[in-house]
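**Q** final.cif is the file, holding mmCIF, C-alpha atoms:
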data_protein
loop_
_atom_site.group_PDB
_atom_site.id
_atom_site.type_symbol
_atom_site.label_atom_id
_atom_site.label_comp_id
_atom_site.auth_asym_id
_atom_site.auth_seq_id
_atom_site.Cartn_x
_atom_site.Cartn_y
_atom_site.Cartn_z
ATOM 1 C CA MET M 1 -32.379 16.499 174.685
ATOM 2 C CA ASN M 2 -33.799 18.601 177.476
ATOM 3 C CA VAL M 3 -37.550 17.923 177.667
ATOM 4 C CA LEU M 4 -40.260 19.691 179.648
ATOM 5 C CA VAL M 5 -43.622 17.918 179.952
ATOM 6 C CA GLY M 6 -46.673 19.824 181.194
ATOM 7 C CA LEU M 7 -49.450 17.892 182.939
ATOM 8 C CA GLY M 8 -52.974 18.773 183.995
ATOM 9 C CA GLY M 9 -54.929 16.215 186.001
ATOM 10 C CA SER M 10 -56.723 14.241 183.301
ATOM 11 C CA ASP M 11 -56.327 10.662 182.064
ATOM 12 C CA GLU M 12 -54.804 12.232 178.960
ATOM 13 C CA SER M 13 -52.078 13.681 181.212
ATOM 14 C CA ILE M 14 -51.292 10.227 182.595
ATOM 15 C CA LYS M 15 -50.982 8.836 179.068
ATOM 16 C CA THR M 16 -48.745 11.744 178.088
ATOM 17 C CA LEU M 17 -46.479 11.137 181.095
ATOM 18 C CA ARG M 18 -46.253 7.379 180.524
ATOM 19 C CA GLN M 19 -45.255 7.862 176.880
ATOM 20 C CA THR M 20 -42.754 10.558 177.779
ATOM 21 C CA ILE M 21 -41.163 8.378 180.474
ATOM 22 C CA ASP M 22 -40.879 5.503 177.969
ATOM 23 C CA ARG M 23 -39.223 7.822 175.473
ATOM 24 C CA THR M 24 -36.869 9.181 178.133
ATOM 25 C CA GLN M 25 -35.760 5.655 178.987
ATOM 26 C CA ASP M 26 -35.214 4.807 175.322
ATOM 27 C CA VAL M 27 -33.109 7.818 174.385
ATOM 28 C CA GLY M 28 -31.744 9.139 177.675
ATOM 29 C CA ASP M 29 -33.386 12.597 177.568
ATOM 30 C CA ASP M 30 -33.237 14.957 180.513
ATOM 31 C CA LEU M 31 -36.785 15.257 181.795
ATOM 32 C CA THR M 32 -38.593 17.933 183.776
ATOM 33 C CA ILE M 33 -42.221 17.368 184.735
ATOM 34 C CA ALA M 34 -44.355 20.415 185.448
ATOM 35 C CA VAL M 35 -47.642 19.740 187.244
ATOM 36 C CA LEU M 36 -50.065 22.531 186.393
ATOM 37 C CA GLU M 37 -52.808 24.132 188.395
ATOM 38 C CA LYS M 38 -56.120 23.059 186.806
ATOM 39 C CA PRO M 39 -58.818 23.072 189.459
ATOM 40 C CA GLU M 40 -61.472 21.618 187.125
ATOM 41 C CA SER M 41 -59.401 18.473 186.471
ATOM 42 C CA LYS M 42 -60.218 14.948 187.553
ATOM 43 C CA ARG M 43 -57.108 14.891 189.766
ATOM 44 C CA SER M 44 -55.988 17.779 191.972
ATOM 45 C CA GLN M 45 -52.519 19.247 191.524
ATOM 46 C CA ASP M 46 -51.315 17.389 194.636
ATOM 47 C CA GLU M 47 -52.805 14.106 193.461
ATOM 48 C CA MET M 48 -51.220 14.506 190.033
ATOM 49 C CA TYR M 49 -47.871 15.379 191.644
ATOM 50 C CA GLU M 50 -48.000 12.186 193.748
ATOM 51 C CA GLU M 51 -49.063 10.077 190.783
ATOM 52 C CA ALA M 52 -46.227 11.468 188.640
ATOM 53 C CA ASN M 53 -43.776 10.738 191.451
ATOM 54 C CA ALA M 54 -45.045 7.157 191.676
ATOM 55 C CA LEU M 55 -44.799 6.616 187.908
ATOM 56 C CA LEU M 56 -41.220 7.910 187.931
ATOM 57 C CA SER M 57 -40.157 5.617 190.794
ATOM 58 C CA GLU M 58 -41.869 2.671 189.142
ATOM 59 C CA ALA M 59 -39.927 3.299 185.922
ATOM 60 C CA GLY M 60 -36.698 4.086 187.779
ATOM 61 C CA VAL M 61 -36.378 7.387 185.898
ATOM 62 C CA ASP M 62 -34.732 10.417 187.381
ATOM 63 C CA ALA M 63 -36.564 13.653 186.607
ATOM 64 C CA ASP M 64 -37.171 17.089 188.060
ATOM 65 C CA LEU M 65 -40.726 17.372 189.307
ATOM 66 C CA VAL M 66 -42.168 20.852 189.834
ATOM 67 C CA ARG M 67 -45.519 22.437 190.566
ATOM 68 C CA LEU M 68 -46.459 25.511 188.541
ATOM 69 C CA GLU M 69 -49.057 27.901 189.951
ATOM 70 C CA GLY M 70 -51.343 30.217 187.993
ATOM 71 C CA ASP M 71 -52.823 30.004 184.503
ATOM 72 C CA PRO M 72 -51.615 26.620 183.194
ATOM 73 C CA GLY M 73 -50.752 27.552 179.586
ATOM 74 C CA SER M 74 -48.999 30.738 180.520
ATOM 75 C CA ALA M 75 -47.120 29.184 183.470
ATOM 76 C CA LEU M 76 -45.891 26.314 181.305
ATOM 77 C CA VAL M 77 -44.677 28.492 178.433
ATOM 78 C CA ASP M 78 -43.017 30.838 180.917
ATOM 79 C CA HIS M 79 -41.210 27.925 182.563
ATOM 80 C CA ALA M 80 -40.083 26.660 179.150
ATOM 81 C CA GLU M 81 -38.743 30.105 178.324
ATOM 82 C CA GLN M 82 -36.793 30.434 181.588
ATOM 83 C CA GLY M 83 -35.076 27.054 181.231
ATOM 84 C CA GLU M 84 -32.859 25.517 178.603
ATOM 85 C CA PHE M 85 -35.448 23.260 177.078
ATOM 86 C CA ASP M 86 -35.371 21.795 173.569
ATOM 87 C CA GLN M 87 -38.891 20.449 173.576
ATOM 88 C CA LEU M 88 -42.161 21.004 175.359
ATOM 89 C CA VAL M 89 -44.537 18.027 175.576
ATOM 90 C CA ILE M 90 -48.276 18.224 176.255
ATOM 91 C CA GLY M 91 -51.319 16.023 175.731
ATOM 92 C CA GLY M 92 -52.558 15.874 172.143
ATOM 93 C CA GLY M 93 -56.229 16.466 172.763
ATOM 94 C CA THR M 94 -59.224 14.449 173.819
ATOM 95 C CA LEU M 95 -61.720 12.551 171.676
ATOM 96 C CA SER M 96 -65.367 13.572 171.651
ATOM 97 C CA PRO M 97 -68.079 10.854 171.788
ATOM 98 C CA MET M 98 -68.184 11.117 167.980
ATOM 99 C CA GLY M 99 -64.427 10.561 167.765
ATOM 100 C CA LYS M 100 -63.513 14.156 166.951
ATOM 101 C CA ILE M 101 -60.127 15.368 168.147
ATOM 102 C CA GLN M 102 -60.557 18.320 170.481
ATOM 103 C CA LEU M 103 -57.704 20.619 171.416
ATOM 104 C CA GLY M 104 -58.479 22.862 174.355
ATOM 105 C CA PRO M 105 -57.554 26.483 174.972
ATOM 106 C CA ILE M 106 -54.394 25.528 176.908
ATOM 107 C CA THR M 107 -53.098 23.558 173.938
ATOM 108 C CA GLU M 108 -53.852 26.463 171.644
ATOM 109 C CA PHE M 109 -52.039 28.919 173.913
ATOM 110 C CA VAL M 110 -48.985 26.681 174.193
ATOM 111 C CA LEU M 111 -48.788 26.047 170.438
ATOM 112 C CA LEU M 112 -49.049 29.724 169.617
ATOM 113 C CA ASN M 113 -46.704 31.007 172.339
ATOM 114 C CA ALA M 114 -44.006 28.434 173.063
ATOM 115 C CA PRO M 115 -40.482 29.332 171.893
ATOM 116 C CA THR M 116 -39.536 25.650 171.661
ATOM 117 C CA THR M 117 -40.676 22.722 169.574
ATOM 118 C CA VAL M 118 -43.972 21.423 170.947
ATOM 119 C CA LYS M 119 -44.926 17.768 170.910
ATOM 120 C CA LEU M 120 -48.571 16.691 171.183
ATOM 121 C CA VAL M 121 -48.943 13.158 172.525
ATOM 122 C CA ARG M 122 -51.774 11.042 171.052
ATOM 123 C CA MET Z 1 -67.619 14.823 180.025
ATOM 124 C CA GLY Z 2 -68.390 16.190 183.456
ATOM 125 C CA ARG Z 3 -68.169 19.805 182.303
ATOM 126 C CA ALA Z 4 -71.478 21.654 182.195
ATOM 127 C CA ARG Z 5 -72.297 22.866 178.713
ATOM 128 C CA LEU Z 6 -74.389 25.974 178.179
ATOM 129 C CA TYR Z 7 -77.572 25.799 176.122
ATOM 130 C CA PRO Z 8 -79.785 28.559 174.748
ATOM 131 C CA ASP Z 9 -82.725 29.347 177.045
ATOM 132 C CA GLU Z 10 -85.157 29.380 174.149
ATOM 133 C CA PRO Z 11 -85.889 26.101 172.343
ATOM 134 C CA SER Z 12 -85.632 25.960 168.543
ATOM 135 C CA GLY Z 13 -88.104 24.293 166.192
ATOM 136 C CA PRO Z 14 -90.284 22.785 165.076
ATOM 137 C CA PHE Z 15 -88.167 20.988 162.501
ATOM 138 C CA PRO Z 16 -89.435 18.658 159.750
ATOM 139 C CA SER Z 17 -89.413 14.903 160.379
ATOM 140 C CA PRO Z 18 -88.082 12.357 157.913
ATOM 141 C CA PRO Z 19 -88.885 10.856 155.502
ATOM 142 C CA SER Z 20 -88.974 13.638 152.902
ATOM 143 C CA THR Z 21 -87.969 14.077 149.324
ATOM 144 C CA ILE Z 22 -86.554 17.465 148.458
ATOM 145 C CA GLU Z 23 -85.232 18.949 145.245
ATOM 146 C CA ASP Z 24 -81.780 20.472 145.670
ATOM 147 C CA ARG Z 25 -80.608 23.643 143.940
ATOM 148 C CA GLU Z 26 -79.216 21.540 141.073
ATOM 149 C CA GLY Z 27 -82.641 20.006 140.443
ATOM 150 C CA ARG Z 28 -81.693 16.625 141.893
ATOM 151 C CA ASP Z 29 -84.230 14.577 143.885
ATOM 152 C CA ILE Z 30 -82.817 13.896 147.325
ATOM 153 C CA GLU Z 31 -84.566 11.466 149.647
ATOM 154 C CA ILE Z 32 -84.009 11.929 153.383
ATOM 155 C CA GLN Z 33 -84.692 8.975 155.657
ATOM 156 C CA ALA Z 34 -84.101 7.939 159.237
ATOM 157 C CA PRO Z 35 -83.034 4.290 159.366
ATOM 158 C CA GLY Z 36 -84.216 2.421 162.466
ATOM 159 C CA GLU Z 37 -80.634 1.528 163.202
ATOM 160 C CA LEU Z 38 -77.558 2.560 161.283
ATOM 161 C CA THR Z 39 -76.394 -1.061 161.204
ATOM 162 C CA THR Z 40 -79.018 -1.874 158.542
ATOM 163 C CA ASP Z 41 -77.602 0.742 156.156
ATOM 164 C CA LEU Z 42 -74.010 0.466 157.266
ATOM 165 C CA ASP Z 43 -72.510 -0.727 153.991
ATOM 166 C CA ALA Z 44 -74.004 2.138 151.974
ATOM 167 C CA VAL Z 45 -72.843 4.695 154.540
ATOM 168 C CA VAL Z 46 -69.342 3.199 154.655
ATOM 169 C CA GLU Z 47 -69.251 3.501 150.861
ATOM 170 C CA MET Z 48 -70.227 7.178 151.075
ATOM 171 C CA TYR Z 49 -67.425 7.921 153.533
ATOM 172 C CA ASP Z 50 -65.004 5.967 151.380
ATOM 173 C CA ARG Z 51 -65.826 8.418 148.542
ATOM 174 C CA PHE Z 52 -65.514 11.457 150.841
ATOM 175 C CA ASP Z 53 -62.624 13.772 149.898
ATOM 176 C CA PRO Z 54 -60.202 13.708 152.864
ATOM 177 C CA THR Z 55 -59.346 17.383 152.370
ATOM 178 C CA ASP Z 56 -62.762 18.090 153.922
ATOM 179 C CA ARG Z 57 -62.140 16.035 157.059
ATOM 180 C CA ALA Z 58 -62.676 17.792 160.358
ATOM 181 C CA GLN Z 59 -60.932 17.011 163.635
ATOM 182 C CA GLY Z 60 -59.870 13.584 162.452
ATOM 183 C CA ILE Z 61 -63.222 12.349 161.130
ATOM 184 C CA PRO Z 62 -64.193 10.645 158.955
ATOM 185 C CA PRO Z 63 -61.191 8.305 159.076
ATOM 186 C CA THR Z 64 -59.791 7.149 155.733
ATOM 187 C CA GLY Z 65 -59.776 3.629 154.353
ATOM 188 C CA GLU Z 66 -62.771 1.314 154.348
ATOM 189 C CA ASP Z 67 -61.713 -0.722 157.388
ATOM 190 C CA ARG Z 68 -61.098 2.305 159.571
ATOM 191 C CA ILE Z 69 -64.358 3.917 158.420
ATOM 192 C CA ARG Z 70 -66.303 0.758 159.222
ATOM 193 C CA ASN Z 71 -64.627 0.451 162.599
ATOM 194 C CA TRP Z 72 -65.439 4.079 163.439
ATOM 195 C CA LEU Z 73 -69.111 3.728 162.430
ATOM 196 C CA GLU Z 74 -69.533 0.393 164.207
ATOM 197 C CA THR Z 75 -68.210 1.937 167.410
ATOM 198 C CA ILE Z 76 -70.844 4.665 167.380
ATOM 199 C CA ALA Z 77 -73.642 3.019 165.329
ATOM 200 C CA GLU Z 78 -75.595 1.195 167.975
ATOM 201 C CA GLU Z 79 -76.736 4.068 170.161
ATOM 202 C CA SER Z 80 -76.654 6.809 167.533
ATOM 203 C CA VAL Z 81 -79.558 8.638 165.877
ATOM 204 C CA ASN Z 82 -79.139 9.010 162.119
ATOM 205 C CA VAL Z 83 -80.526 10.515 158.953
ATOM 206 C CA ILE Z 84 -79.296 9.508 155.524
ATOM 207 C CA ALA Z 85 -79.749 11.258 152.159
ATOM 208 C CA HIS Z 86 -79.935 9.309 148.905
ATOM 209 C CA HIS Z 87 -79.764 10.776 145.433
ATOM 210 C CA LYS Z 88 -82.828 9.278 143.754
ATOM 211 C CA PRO Z 89 -82.054 8.644 140.121
ATOM 212 C CA ASN Z 90 -84.587 10.086 137.686
ATOM 213 C CA ASP Z 91 -86.649 7.527 135.775
ATOM 214 C CA ASP Z 92 -84.768 8.216 132.578
ATOM 215 C CA ASP Z 93 -81.302 7.765 133.998
ATOM 216 C CA ILE Z 94 -81.614 4.601 136.056
ATOM 217 C CA ASP Z 95 -78.545 2.508 135.583
ATOM 218 C CA VAL Z 96 -79.844 -0.949 134.674
ATOM 219 C CA ASP Z 97 -76.569 -2.532 135.726
ATOM 220 C CA SER Z 98 -76.908 -1.438 139.312
ATOM 221 C CA GLY Z 99 -79.903 -3.765 139.751
ATOM 222 C CA ALA Z 100 -81.073 -3.907 143.341
ATOM 223 C CA ASP Z 101 -79.505 -0.590 144.232
ATOM 224 C CA SER Z 102 -82.442 1.372 142.815
ATOM 225 C CA GLY Z 103 -82.692 3.668 145.873
ATOM 226 C CA GLY Z 104 -79.636 5.589 144.717
ATOM 227 C CA ASP Z 105 -76.337 6.221 146.430
ATOM 228 C CA VAL Z 106 -75.980 7.652 149.916
ATOM 229 C CA ILE Z 107 -74.679 11.191 149.386
ATOM 230 C CA ALA Z 108 -74.956 12.668 152.883
ATOM 231 C CA HIS Z 109 -75.207 11.495 156.482
ATOM 232 C CA ALA Z 110 -75.896 13.275 159.740
ATOM 233 C CA MET Z 111 -75.912 11.761 163.204
ATOM 234 C CA LEU Z 112 -76.221 12.309 166.915
ATOM 235 C CA VAL Z 113 -74.057 10.341 169.327
ATOM 236 C CA PRO Z 114 -74.907 10.189 173.048
ATOM 237 C CA ASP Z 115 -72.455 11.901 175.377
ATOM 238 C CA ALA Z 116 -72.672 9.266 178.096
ATOM 239 C CA ASP Z 117 -70.249 6.852 179.709
ATOM 240 C CA ASP Z 118 -72.763 4.019 179.449
ATOM 241 C CA PRO Z 119 -75.090 4.735 176.496
ATOM 242 C CA ALA Z 120 -76.898 1.417 176.965
ATOM 243 C CA ALA Z 121 -78.189 2.616 180.344
ATOM 244 C CA ILE Z 122 -79.931 5.702 178.947
ATOM 245 C CA GLU Z 123 -83.544 5.802 180.105
ATOM 246 C CA ASN Z 124 -84.709 9.068 178.588
ATOM 247 C CA ASN Z 125 -83.040 10.672 175.614
ATOM 248 C CA SER Z 126 -83.724 14.034 177.246
ATOM 249 C CA ASP Z 127 -81.499 13.121 180.209
ATOM 250 C CA ILE Z 128 -78.288 13.379 178.232
ATOM 251 C CA GLU Z 129 -76.536 15.570 175.700
ATOM 252 C CA TRP Z 130 -75.996 14.492 172.094
ATOM 253 C CA GLU Z 131 -73.070 15.356 169.827
ATOM 254 C CA LEU Z 132 -73.918 16.177 166.214
ATOM 255 C CA ALA Z 133 -71.939 15.680 163.013
ATOM 256 C CA ILE Z 134 -72.946 16.033 159.379
ATOM 257 C CA PHE Z 135 -71.108 15.144 156.170
ATOM 258 C CA VAL Z 136 -72.170 15.874 152.598
ATOM 259 C CA LEU Z 137 -70.265 14.397 149.632
ATOM 260 C CA GLN Z 138 -68.327 17.044 147.729
ATOM 261 C CA ASP Z 139 -70.398 16.823 144.510
ATOM 262 C CA TYR Z 140 -73.537 17.553 146.536
ATOM 263 C CA GLN Z 141 -72.262 20.466 148.613
ATOM 264 C CA GLN Z 142 -73.568 24.034 148.212
ATOM 265 C CA ALA Z 143 -76.920 22.780 146.937
ATOM 266 C CA GLY Z 144 -78.938 23.252 150.137
ATOM 267 C CA ILE Z 145 -78.800 19.559 151.072
ATOM 268 C CA GLY Z 146 -76.876 20.144 154.303
ATOM 269 C CA THR Z 147 -79.514 22.560 155.606
ATOM 270 C CA HIS Z 148 -82.365 20.143 154.803
ATOM 271 C CA LEU Z 149 -80.521 17.177 156.278
ATOM 272 C CA LEU Z 150 -79.629 19.091 159.437
ATOM 273 C CA LYS Z 151 -83.245 20.227 159.951
ATOM 274 C CA HIS Z 152 -84.539 16.687 159.440
ATOM 275 C CA LEU Z 153 -82.008 15.305 161.910
ATOM 276 C CA LEU Z 154 -83.187 17.831 164.503
ATOM 277 C CA GLY Z 155 -86.837 17.028 163.685
ATOM 278 C CA HIS Z 156 -86.135 13.321 164.118
ATOM 279 C CA ALA Z 157 -84.206 14.023 167.328
ATOM 280 C CA SER Z 158 -87.156 15.953 168.720
ATOM 281 C CA ASP Z 159 -89.463 13.045 167.796
ATOM 282 C CA VAL Z 160 -87.382 10.651 169.893
ATOM 283 C CA GLY Z 161 -87.267 12.989 172.883
ATOM 284 C CA ILE Z 162 -83.810 14.528 172.488
ATOM 285 C CA GLU Z 163 -83.582 18.067 173.885
ATOM 286 C CA ARG Z 164 -79.923 19.053 174.086
ATOM 287 C CA VAL Z 165 -77.587 18.857 171.080
ATOM 288 C CA TRP Z 166 -74.038 20.184 170.778
ATOM 289 C CA LEU Z 167 -71.230 20.112 168.261
ATOM 290 C CA THR Z 168 -67.775 21.428 167.632
ATOM 291 C CA VAL Z 169 -66.696 23.038 164.392
ATOM 292 C CA GLU Z 170 -63.306 24.335 163.312
ATOM 293 C CA ARG Z 171 -63.308 28.012 164.194
ATOM 294 C CA TRP Z 172 -62.348 29.130 160.689
ATOM 295 C CA ASN Z 173 -65.119 27.100 159.004
ATOM 296 C CA ASN Z 174 -67.438 30.065 158.485
ATOM 297 C CA PRO Z 175 -69.870 28.394 156.046
ATOM 298 C CA ALA Z 176 -70.533 25.585 158.539
ATOM 299 C CA ILE Z 177 -70.889 27.997 161.473
ATOM 300 C CA ALA Z 178 -73.368 30.088 159.443
ATOM 301 C CA LEU Z 179 -75.381 26.953 158.635
ATOM 302 C CA TYR Z 180 -75.558 25.941 162.295
ATOM 303 C CA GLU Z 181 -76.578 29.454 163.340
ATOM 304 C CA ARG Z 182 -79.359 29.520 160.723
ATOM 305 C CA VAL Z 183 -81.111 26.570 162.346
ATOM 306 C CA GLY Z 184 -80.697 27.919 165.885
ATOM 307 C CA PHE Z 185 -77.306 26.833 167.235
ATOM 308 C CA GLU Z 186 -75.505 29.342 169.425
ATOM 309 C CA ALA Z 187 -71.826 29.535 170.357
ATOM 310 C CA SER Z 188 -71.211 27.973 173.771
ATOM 311 C CA GLY Z 189 -68.200 27.107 175.847
ATOM 312 C CA THR Z 190 -64.659 28.263 175.377
ATOM 313 C CA GLU Z 191 -63.267 29.067 171.988
ATOM 314 C CA SER Z 192 -60.074 27.411 170.888
ATOM 315 C CA PHE Z 193 -59.226 25.830 167.548
ATOM 316 C CA GLU Z 194 -62.714 24.472 167.594
ATOM 317 C CA GLN Z 195 -65.876 26.392 168.341
ATOM 318 C CA GLU Z 196 -68.459 24.640 170.489
ATOM 319 C CA MET Z 197 -72.115 25.325 169.641
ATOM 320 C CA SER Z 198 -75.377 24.120 171.166
ATOM 321 C CA ILE Z 199 -79.123 24.084 170.548
ATOM 322 C CA ARG Z 200 -82.146 23.288 172.715
ATOM 323 C CA LEU Z 201 -85.000 21.456 170.972
ATOM 324 C CA GLU Z 202 -88.715 21.815 171.642
#
Rewrite the coordinates I just gave you, this time as structure tokens.

**A**
Amino acid sequence: MNVLVGLGGSDESIKTLRQTIDRTQDVGDDLTIAVLEKPESKRSQDEMYEEANALLSEAGVDADLVRLEGDPGSALVDHAEQGEFDQLVIGGGTLSPMGKIQLGPITEFVLLNAPTTVKLVR
Amino acid sequence: MGRARLYPDEPSGPFPSPPSTIEDREGRDIEIQAPGELTTDLDAVVEMYDRFDPTDRAQGIPPTGEDRIRNWLETIAEESVNVIAHHKPNDDDIDVDSGADSGGDVIAHAMLVPDADDPAAIENNSDIEWELAIFVLQDYQQAGIGTHLLKHLLGHASDVGIERVWLTVERWNNPAIALYERVGFEASGTESFEQEMSIRLE
């Protein structure tokens, strides 16, 4: 399967990438990692790009690694539409202090606009 | 949690402080109390959530199954601020078999959980923001209990120095949004599947 994973710069993004790399190793998917532009994130786009690169080398997984500029949800869905992807993977939300699952506006945009199957990683 | 949340400029209140006994729209006596710590009433609250109809869950809470409910409450119990509603049985319908449990069953619970990385290090409750949640058992919904319980939670919060309270609610849950607006919550933050709302207390 041809998988595109979209990453912001949060801890949730790291978890999403780790799980996706594990899955790629298990089933031999083709993986593309898109690092999104989210200035308010904990990690900058460059930092996230470097961290993704390091995680890939560590796991010995071959993947395409790209930076996408502009509005993150829109850029990711656009990239998914241009390529031959079977599945788009994004983080599955954060937990509030109370333990409530919170899906942000990027998740909502991707779910409502993506032409492919979307996987939310918890 | 680093994101700045917006709060109304004008504070809301005053709100009533627990304890109170109110009569709901079905004529039932409902006693609202603020336990010192949730841990003392934990079993009764776990039992309430165990009876909660999972079709009314919101954003993954409450969890289902007694163990998961207990685990969830224990995680947040220690630093949380709580109000609990009991249905006080009338004198003529006390169940003699229930013995010690004469205070009646817990039928609703509302709480505030600190939005802080290290809740134990909180010096002033006004320094941090508090997340609110409220649950009313299905048989006791639409009887005005939620409004009373919410007001008493905010009154209790004000008593312990809390100033900023926020919540999220599923965007399509109009009855809940209307309830929050009635007591003074205003929409804040970005809208997605969930609507964030906030209130400033006196």

**Q** As a ChimeraX atom specification, could you give me every residue of chain Z near chain M (at most 10 Å apart, counting all atoms listed in the file)?

**A** /Z:1-3,58-63,72-73,75-76,80,111-117,130-133,167-170,190-195

**Q** Give me the box for segment 43-53 of chain M as AutoDock Vina command-line options, namely the centre and edge lengths in Å to one decimal of a box along x, y and z that holds every listed atom plus 4 Å on each side.

**A**
--center_x -50.4 --center_y 14.7 --center_z 191.6 --size_x 21.3 --size_y 17.2 --size_z 14.0

**Q** Expanded to explicit residues, what is the PyMOL selection byres ((chain M and resi 55-67) around 7) for this file, as a list in words?

**A**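 On the file shown, the PyMOL selection byres ((chain M and resi 55-67) around 7) covers Leu31, Thr32, Ile33, Ala34, Val35, Leu36, Glu51, Ala52, Asn53, Ala54, Leu68 and Glu69 of chain M.
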
**Q** At what distance in Å, to one decimal, does atom CA of Ala120 of chain Z lie from atom CA of Glu37 of chain Z?

**A**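 Separating atom CA of Glu37 of chain Z from atom CA of Ala120 of chain Z is a distance of 14.3 Å.
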
**Q** Report the distance between atom CA of Ile14 of chain M and atom CA of Met48 of chain M in Å, rounded to one decimal place.

**A** 8.6 Å

**Q** Could you list, as a list in words, every residue within 10 Å of Arg25 of chain Z, counting only C-alpha atoms and ignoring same-chain residues fewer than 6 positions away?

**A**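 My reading of the contact set: Tyr140, Gln142, Ala143, Gly144 and Ile145 of chain Z.
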